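The structure file entry13.csv is reproduced below (CSV, C-alpha atoms).
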chain,number,residue,atom,x,y,z
U,61,MET,CA,-132.0,-9.5,-47.5
U,62,GLU,CA,-134.1,-12.0,-49.4
U,63,ILE,CA,-133.9,-15.8,-49.7
U,64,LEU,CA,-134.7,-16.7,-53.3
U,65,PRO,CA,-134.4,-19.8,-55.6
U,66,ALA,CA,-131.0,-20.0,-57.4
U,67,GLY,CA,-130.4,-21.2,-60.9
U,68,ILE,CA,-127.9,-21.4,-63.7
U,69,LEU,CA,-128.1,-17.7,-64.3
U,70,ASP,CA,-126.4,-17.3,-60.9
U,71,LEU,CA,-123.3,-19.2,-62.0
U,72,ASN,CA,-120.9,-16.2,-62.1
U,73,SER,CA,-122.1,-14.9,-58.7
U,74,LEU,CA,-121.8,-18.3,-57.1
U,75,ARG,CA,-118.3,-18.8,-58.6
U,76,LYS,CA,-117.1,-15.5,-57.0
U,77,LEU,CA,-118.8,-16.5,-53.7
U,78,GLU,CA,-117.2,-19.9,-53.6
U,79,ARG,CA,-113.7,-18.4,-54.2
U,80,ALA,CA,-114.3,-15.8,-51.5
U,81,CYS,CA,-115.5,-18.3,-48.9
U,82,PHE,CA,-113.6,-21.5,-49.6
U,83,ASP,CA,-110.3,-20.6,-51.3
U,84,LYS,CA,-108.6,-24.0,-51.8
U,85,ASP,CA,-111.9,-25.9,-51.3
U,86,ALA,CA,-113.9,-23.9,-53.8
U,87,TRP,CA,-115.9,-26.1,-56.2
U,88,SER,CA,-114.8,-26.5,-59.8
U,89,LEU,CA,-116.8,-24.8,-62.6
U,90,PHE,CA,-118.2,-28.2,-63.5
U,91,ASP,CA,-119.5,-28.8,-59.9
U,92,LEU,CA,-121.1,-25.4,-59.8
U,93,ILE,CA,-122.9,-26.0,-63.1
U,94,ALA,CA,-124.1,-29.3,-61.8
U,95,VAL,CA,-125.4,-28.0,-58.4
U,96,LEU,CA,-127.2,-25.2,-60.3
U,97,SER,CA,-128.9,-27.6,-62.8
U,98,TRP,CA,-129.5,-31.0,-61.2
U,99,GLY,CA,-133.2,-31.6,-60.7
U,100,ASP,CA,-133.4,-32.9,-57.1
U,101,VAL,CA,-131.1,-30.3,-55.5
U,102,ILE,CA,-132.6,-27.5,-53.4
U,103,ARG,CA,-130.8,-24.3,-54.4
U,104,LEU,CA,-131.3,-21.0,-52.5
U,105,LYS,CA,-129.5,-17.7,-52.5
U,106,ALA,CA,-129.4,-14.8,-50.1
U,107,VAL,CA,-129.6,-11.5,-52.0
U,108,ASP,CA,-128.9,-8.1,-50.6
U,109,ASN,CA,-129.3,-5.0,-52.9
U,110,GLY,CA,-129.4,-7.3,-55.9
U,111,ASN,CA,-126.1,-9.1,-55.0
U,112,MET,CA,-125.7,-12.7,-54.0
U,113,ILE,CA,-124.3,-12.7,-50.5
U,114,GLY,CA,-125.0,-16.4,-49.6
U,115,PHE,CA,-125.9,-19.7,-51.1
U,116,VAL,CA,-127.0,-23.1,-49.9
U,117,ALA,CA,-127.6,-26.4,-51.8
U,118,GLY,CA,-129.5,-29.3,-50.2
U,119,ASP,CA,-129.1,-32.7,-51.7
U,120,THR,CA,-132.0,-35.0,-50.9
U,121,ARG,CA,-131.0,-38.7,-50.6
U,122,PRO,CA,-134.2,-40.7,-49.7
U,123,SER,CA,-132.2,-44.0,-49.8
U,124,GLN,CA,-130.1,-42.7,-46.9
U,125,GLY,CA,-133.0,-41.4,-44.9
U,126,ALA,CA,-131.3,-38.0,-44.9
U,127,ALA,CA,-130.7,-34.9,-46.9
U,128,TRP,CA,-127.3,-33.3,-47.1
U,129,ILE,CA,-126.2,-29.7,-47.1
U,130,ALA,CA,-123.9,-30.0,-50.1
U,131,THR,CA,-122.6,-26.5,-49.6
U,132,ILE,CA,-123.4,-23.4,-47.6
U,133,ALA,CA,-121.5,-20.1,-48.1
U,134,VAL,CA,-121.8,-16.6,-46.9
U,135,ASP,CA,-119.8,-13.7,-48.3
U,136,PRO,CA,-117.2,-12.9,-45.5
U,137,ARG,CA,-118.4,-9.3,-45.5
U,138,PHE,CA,-121.9,-10.5,-44.4
U,139,GLN,CA,-120.9,-13.2,-41.9
U,140,ARG,CA,-122.2,-13.2,-38.4
U,141,ARG,CA,-125.4,-11.4,-39.4
U,142,GLY,CA,-127.8,-14.4,-39.6
U,143,VAL,CA,-127.5,-15.0,-43.3
U,144,GLY,CA,-126.1,-18.5,-42.9
U,145,ARG,CA,-128.8,-19.4,-40.3
U,146,ALA,CA,-131.5,-18.1,-42.6
U,147,LEU,CA,-130.2,-20.1,-45.5
U,148,LEU,CA,-129.9,-23.3,-43.4
U,149,LEU,CA,-133.4,-23.0,-42.0
U,150,ALA,CA,-134.9,-22.2,-45.5
U,151,CYS,CA,-133.2,-25.3,-46.9
U,152,GLU,CA,-134.3,-27.5,-44.0
U,153,ALA,CA,-137.9,-26.3,-44.5
U,154,ARG,CA,-137.8,-27.5,-48.1
U,155,VAL,CA,-136.4,-31.0,-47.8
U,156,ASN,CA,-138.7,-33.9,-47.3
U,157,SER,CA,-136.4,-36.0,-45.1
U,158,PRO,CA,-136.3,-37.0,-41.4
U,159,ASN,CA,-132.7,-35.9,-41.0
U,160,MET,CA,-130.3,-33.3,-42.4
U,161,LYS,CA,-126.5,-33.8,-42.5
U,162,LEU,CA,-123.5,-31.7,-43.3
U,163,THR,CA,-119.8,-31.7,-43.2
U,164,VAL,CA,-117.7,-28.9,-41.7
U,165,ARG,CA,-114.1,-28.2,-40.9
U,166,PRO,CA,-113.3,-28.6,-37.2
U,167,SER,CA,-111.4,-25.3,-37.4
U,168,ASN,CA,-114.6,-23.5,-38.5
U,169,HIS,CA,-115.7,-22.7,-34.9
U,170,GLY,CA,-118.2,-20.1,-35.9
U,171,ALA,CA,-120.1,-22.4,-38.2
U,172,ILE,CA,-120.0,-25.3,-35.7
U,173,ALA,CA,-121.4,-23.0,-33.0
U,174,MET,CA,-124.3,-22.0,-35.3
U,175,TYR,CA,-125.0,-25.5,-36.3
U,176,GLU,CA,-125.1,-26.7,-32.7
U,177,LYS,CA,-127.5,-23.8,-31.8
U,178,GLU,CA,-129.7,-25.1,-34.6
U,179,GLY,CA,-129.7,-28.6,-33.2
U,180,TYR,CA,-126.9,-30.3,-35.1
U,181,ARG,CA,-124.7,-32.8,-33.3
U,182,THR,CA,-121.4,-34.4,-34.5
U,183,VAL,CA,-122.0,-38.0,-35.5
U,184,ASP,CA,-118.8,-38.9,-37.3
U,185,ILE,CA,-115.3,-37.7,-38.3
U,186,TRP,CA,-114.1,-38.2,-41.9
U,187,LYS,CA,-110.3,-38.2,-41.7
U,188,LYS,CA,-108.4,-36.0,-44.1
U,189,TYR,CA,-111.6,-35.0,-45.9
U,190,TYR,CA,-110.5,-31.6,-47.1
U,191,ASN,CA,-107.9,-30.8,-49.7
U,192,ASP,CA,-105.3,-29.7,-47.2
U,193,GLY,CA,-105.8,-32.9,-45.1
U,194,GLU,CA,-108.0,-31.4,-42.4
U,195,ASP,CA,-110.7,-33.8,-41.1
U,196,GLY,CA,-114.4,-33.2,-41.7
U,197,LEU,CA,-116.9,-33.3,-38.9
U,198,VAL,CA,-120.2,-34.9,-40.0
U,199,MET,CA,-123.0,-33.2,-38.2
U,200,GLU,CA,-126.7,-34.3,-38.2
U,201,LYS,CA,-130.0,-33.0,-37.1
U,202,SER,CA,-133.4,-34.6,-36.8
U,203,LEU,CA,-136.0,-32.5,-38.7
Structure rendered as structure tokens:
Amino acid sequence: MEILPAGILDLNSLRKLERACFDKDAWSLFDLIAVLSWGDVIRLKAVDNGNMIGFVAGDTRPSQGAAWIATIAVDPRFQRRGVGRALLLACEARVNSPNMKLTVRPSNHGAIAMYEKEGYRTVDIWKKYYNDGEDGLVMEKSL
């Protein structure tokens, strides 16, 4: 597996990955084009045998004193193999911010456990954040 920069040519692969990982929360085509083309977004993909198996986007927000993981996804066939952790750490290494934040479903126990092992702590709960009404846990880490 390699972690490489992602760009607009990865649009179709990212669209498939989003649908496989997030179902009803998958980003729209417009959102995917935006995340792959906006200048200040850190975009990284995990590639195995030429195929995208994971993706992370980091949004730097200097006015907030934090960067945000806008999305992180790992193909379900490759989960629990360290791909998500590798993407997370690679994104953290590229942001110029004292803090990193992200939002995760409380029902996503595997992701929460990984984030906690990497030093993230829950700092807020956004009520009914997701499309189906599930809350979103806001987690933060000092970098």
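CA of Ile102 in chain U to CA of Arg75 in chain U spans 17.5 Å [interatomic distance, one decimal].
In this structure, CA of Asp70 in chain U sits 26.1 Å away from CA of Asn168 in chain U.
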For this session: Find the residue from U:Val164, U:Leu197, U:Ala127, U:Ile68 that sits nearest to Ile93 in chain U; use only C-alpha atoms when measuring.
Result: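 Of U:Val164, U:Leu197, U:Ala127, U:Ile68, the one nearest Ile93 in chain U, counting only C-alpha atoms, is U:Ile68.
The spacing separating CA of Val95 in chain U from CA of Ala130 in chain U amounts to 8.7 Å.
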Exercise. What lies within 12 Å of Asp184 in chain U using only C-alpha atoms, ignoring chain neighbours under 5 positions off, as a list in words?
Worked result: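 Residues meeting the cut-off are Lys161, Leu162, Thr163, Val164, Pro166, Tyr189, Asp195, Gly196, Leu197, Val198, Met199 and Glu200 of chain U.
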For this session: Tell me which of U:Arg137, U:Arg145, U:Arg165, U:Arg154 sits closest to Asp100 in chain U, counting only C-alpha atoms.
Result: U:Arg154
Problem set entry | Expected answer as a list in words: all residues with atoms within 9 Å of (-122.9, -10.5, -55.2), all atoms listed in the file |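 Checked against the point, the hits come out as Ser73, Leu74, Lys76, Leu77, Val107, Asp108, Asn109, Gly110, Asn111, Met112, Ile113, Gly114 and Asp135 of chain U.
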For this session: Point out the residue among U:Glu194, U:Gly142, U:Asn156, U:Lys84 with the least atom-to-atom distance to Glu178 in chain U, counting all atoms listed in the file.
Result: U:Gly142
Problem set entry | Selected residue of minimal separation from Gly144 in chain U among U:Gly193, U:Gly170, U:Pro65, U:Pro158, counting only C-alpha atoms | U:Gly170
Problem set entry | Neighbours of point (-133.9, -34.3, -36.1) within 6 Å, using all atoms listed in the file, written as an MDAnalysis selection string | chainID U and resid 159 201:203
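Nearest residue to Met160 in chain U among U:Trp128, U:Phe138, U:Phe115, U:Tyr190 is U:Trp128, counting only C-alpha atoms.
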For this session: Excluding Asp85 in chain U and residues on its chain fewer than 2 positions from it, collect all residues at most 8 Å away from it, counting only C-alpha atoms, and give them as a PyMOL selection string.
Result: chain U and resi 82-83+87+190-191
Exercise. Which one of U:Leu89, U:Ile172, U:Val183, U:Leu147 sits closest to Glu62 in chain U if you count only C-alpha atoms?
Worked result: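 When distances to Glu62 in chain U are compared using only C-alpha atoms, the smallest one comes from U:Leu147.
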Problem set entry | Non-local contacts of Cys81 in chain U (8 Å; only C-alpha atoms; under 6 positions in same chain excluded) as an MDAnalysis selection string | chainID U and resid 133:136
Can you patch up range 87-110 of chain U, filling it in to N, CA and C atoms, and show the result as a PDB file, keeping the file's coordinate frame?
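As a result, out_2.pdb now contains:
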ATOM      1  N   TRP U  87    -115.494 -25.140 -55.197  1.00  0.00           N
ATOM      2  CA  TRP U  87    -115.900 -26.100 -56.200  1.00  0.00           C
ATOM      3  C   TRP U  87    -115.432 -25.698 -57.585  1.00  0.00           C
ATOM      4  N   SER U  88    -115.229 -26.697 -58.427  1.00  0.00           N
ATOM      5  CA  SER U  88    -114.800 -26.500 -59.800  1.00  0.00           C
ATOM      6  C   SER U  88    -116.037 -25.883 -60.582  1.00  0.00           C
ATOM      7  N   LEU U  89    -115.761 -25.332 -61.758  1.00  0.00           N
ATOM      8  CA  LEU U  89    -116.800 -24.800 -62.600  1.00  0.00           C
ATOM      9  C   LEU U  89    -117.836 -25.905 -62.923  1.00  0.00           C
ATOM     10  N   PHE U  90    -117.361 -27.102 -63.198  1.00  0.00           N
ATOM     11  CA  PHE U  90    -118.200 -28.200 -63.500  1.00  0.00           C
ATOM     12  C   PHE U  90    -119.183 -28.506 -62.311  1.00  0.00           C
ATOM     13  N   ASP U  91    -118.632 -28.542 -61.100  1.00  0.00           N
ATOM     14  CA  ASP U  91    -119.500 -28.800 -59.900  1.00  0.00           C
ATOM     15  C   ASP U  91    -120.496 -27.710 -59.703  1.00  0.00           C
ATOM     16  N   LEU U  92    -120.130 -26.469 -59.964  1.00  0.00           N
ATOM     17  CA  LEU U  92    -121.100 -25.400 -59.800  1.00  0.00           C
ATOM     18  C   LEU U  92    -122.204 -25.450 -60.827  1.00  0.00           C
ATOM     19  N   ILE U  93    -121.865 -25.771 -62.064  1.00  0.00           N
ATOM     20  CA  ILE U  93    -122.900 -26.000 -63.100  1.00  0.00           C
ATOM     21  C   ILE U  93    -123.835 -27.087 -62.667  1.00  0.00           C
ATOM     22  N   ALA U  94    -123.263 -28.176 -62.176  1.00  0.00           N
ATOM     23  CA  ALA U  94    -124.100 -29.300 -61.800  1.00  0.00           C
ATOM     24  C   ALA U  94    -125.026 -28.961 -60.627  1.00  0.00           C
ATOM     25  N   VAL U  95    -124.520 -28.295 -59.599  1.00  0.00           N
ATOM     26  CA  VAL U  95    -125.400 -28.000 -58.400  1.00  0.00           C
ATOM     27  C   VAL U  95    -126.482 -26.998 -58.832  1.00  0.00           C
ATOM     28  N   LEU U  96    -126.226 -26.187 -59.841  1.00  0.00           N
ATOM     29  CA  LEU U  96    -127.200 -25.200 -60.300  1.00  0.00           C
ATOM     30  C   LEU U  96    -128.225 -25.788 -61.294  1.00  0.00           C
ATOM     31  N   SER U  97    -127.989 -27.031 -61.729  1.00  0.00           N
ATOM     32  CA  SER U  97    -128.900 -27.600 -62.800  1.00  0.00           C
ATOM     33  C   SER U  97    -129.483 -28.930 -62.457  1.00  0.00           C
ATOM     34  N   TRP U  98    -128.937 -29.707 -61.537  1.00  0.00           N
ATOM     35  CA  TRP U  98    -129.500 -31.000 -61.200  1.00  0.00           C
ATOM     36  C   TRP U  98    -130.916 -30.838 -60.631  1.00  0.00           C
ATOM     37  N   GLY U  99    -131.815 -31.728 -61.022  1.00  0.00           N
ATOM     38  CA  GLY U  99    -133.200 -31.600 -60.700  1.00  0.00           C
ATOM     39  C   GLY U  99    -133.564 -31.723 -59.202  1.00  0.00           C
ATOM     40  N   ASP U 100    -132.941 -32.620 -58.470  1.00  0.00           N
ATOM     41  CA  ASP U 100    -133.400 -32.900 -57.100  1.00  0.00           C
ATOM     42  C   ASP U 100    -132.638 -32.040 -56.048  1.00  0.00           C
ATOM     43  N   VAL U 101    -131.846 -31.083 -56.469  1.00  0.00           N
ATOM     44  CA  VAL U 101    -131.100 -30.300 -55.500  1.00  0.00           C
ATOM     45  C   VAL U 101    -131.888 -29.001 -55.191  1.00  0.00           C
ATOM     46  N   ILE U 102    -131.947 -28.711 -53.899  1.00  0.00           N
ATOM     47  CA  ILE U 102    -132.600 -27.500 -53.400  1.00  0.00           C
ATOM     48  C   ILE U 102    -131.475 -26.405 -53.479  1.00  0.00           C
ATOM     49  N   ARG U 103    -131.752 -25.323 -54.195  1.00  0.00           N
ATOM     50  CA  ARG U 103    -130.800 -24.300 -54.400  1.00  0.00           C
ATOM     51  C   ARG U 103    -131.386 -22.934 -53.960  1.00  0.00           C
ATOM     52  N   LEU U 104    -130.761 -22.310 -52.978  1.00  0.00           N
ATOM     53  CA  LEU U 104    -131.300 -21.000 -52.500  1.00  0.00           C
ATOM     54  C   LEU U 104    -130.125 -20.037 -52.382  1.00  0.00           C
ATOM     55  N   LYS U 105    -130.452 -18.779 -52.658  1.00  0.00           N
ATOM     56  CA  LYS U 105    -129.500 -17.700 -52.500  1.00  0.00           C
ATOM     57  C   LYS U 105    -129.983 -16.636 -51.616  1.00  0.00           C
ATOM     58  N   ALA U 106    -129.069 -16.041 -50.898  1.00  0.00           N
ATOM     59  CA  ALA U 106    -129.400 -14.800 -50.100  1.00  0.00           C
ATOM     60  C   ALA U 106    -128.945 -13.658 -50.944  1.00  0.00           C
ATOM     61  N   VAL U 107    -129.863 -12.710 -51.100  1.00  0.00           N
ATOM     62  CA  VAL U 107    -129.600 -11.500 -52.000  1.00  0.00           C
ATOM     63  C   VAL U 107    -129.787 -10.272 -51.134  1.00  0.00           C
ATOM     64  N   ASP U 108    -128.827  -9.371 -51.273  1.00  0.00           N
ATOM     65  CA  ASP U 108    -128.900  -8.100 -50.600  1.00  0.00           C
ATOM     66  C   ASP U 108    -128.591  -7.010 -51.681  1.00  0.00           C
ATOM     67  N   ASN U 109    -129.508  -6.090 -51.880  1.00  0.00           N
ATOM     68  CA  ASN U 109    -129.300  -5.000 -52.900  1.00  0.00           C
ATOM     69  C   ASN U 109    -128.972  -5.599 -54.260  1.00  0.00           C
ATOM     70  N   GLY U 110    -129.603  -6.715 -54.631  1.00  0.00           N
ATOM     71  CA  GLY U 110    -129.400  -7.300 -55.900  1.00  0.00           C
ATOM     72  C   GLY U 110    -128.153  -8.180 -56.056  1.00  0.00           C
TER      73      GLY U 110
END
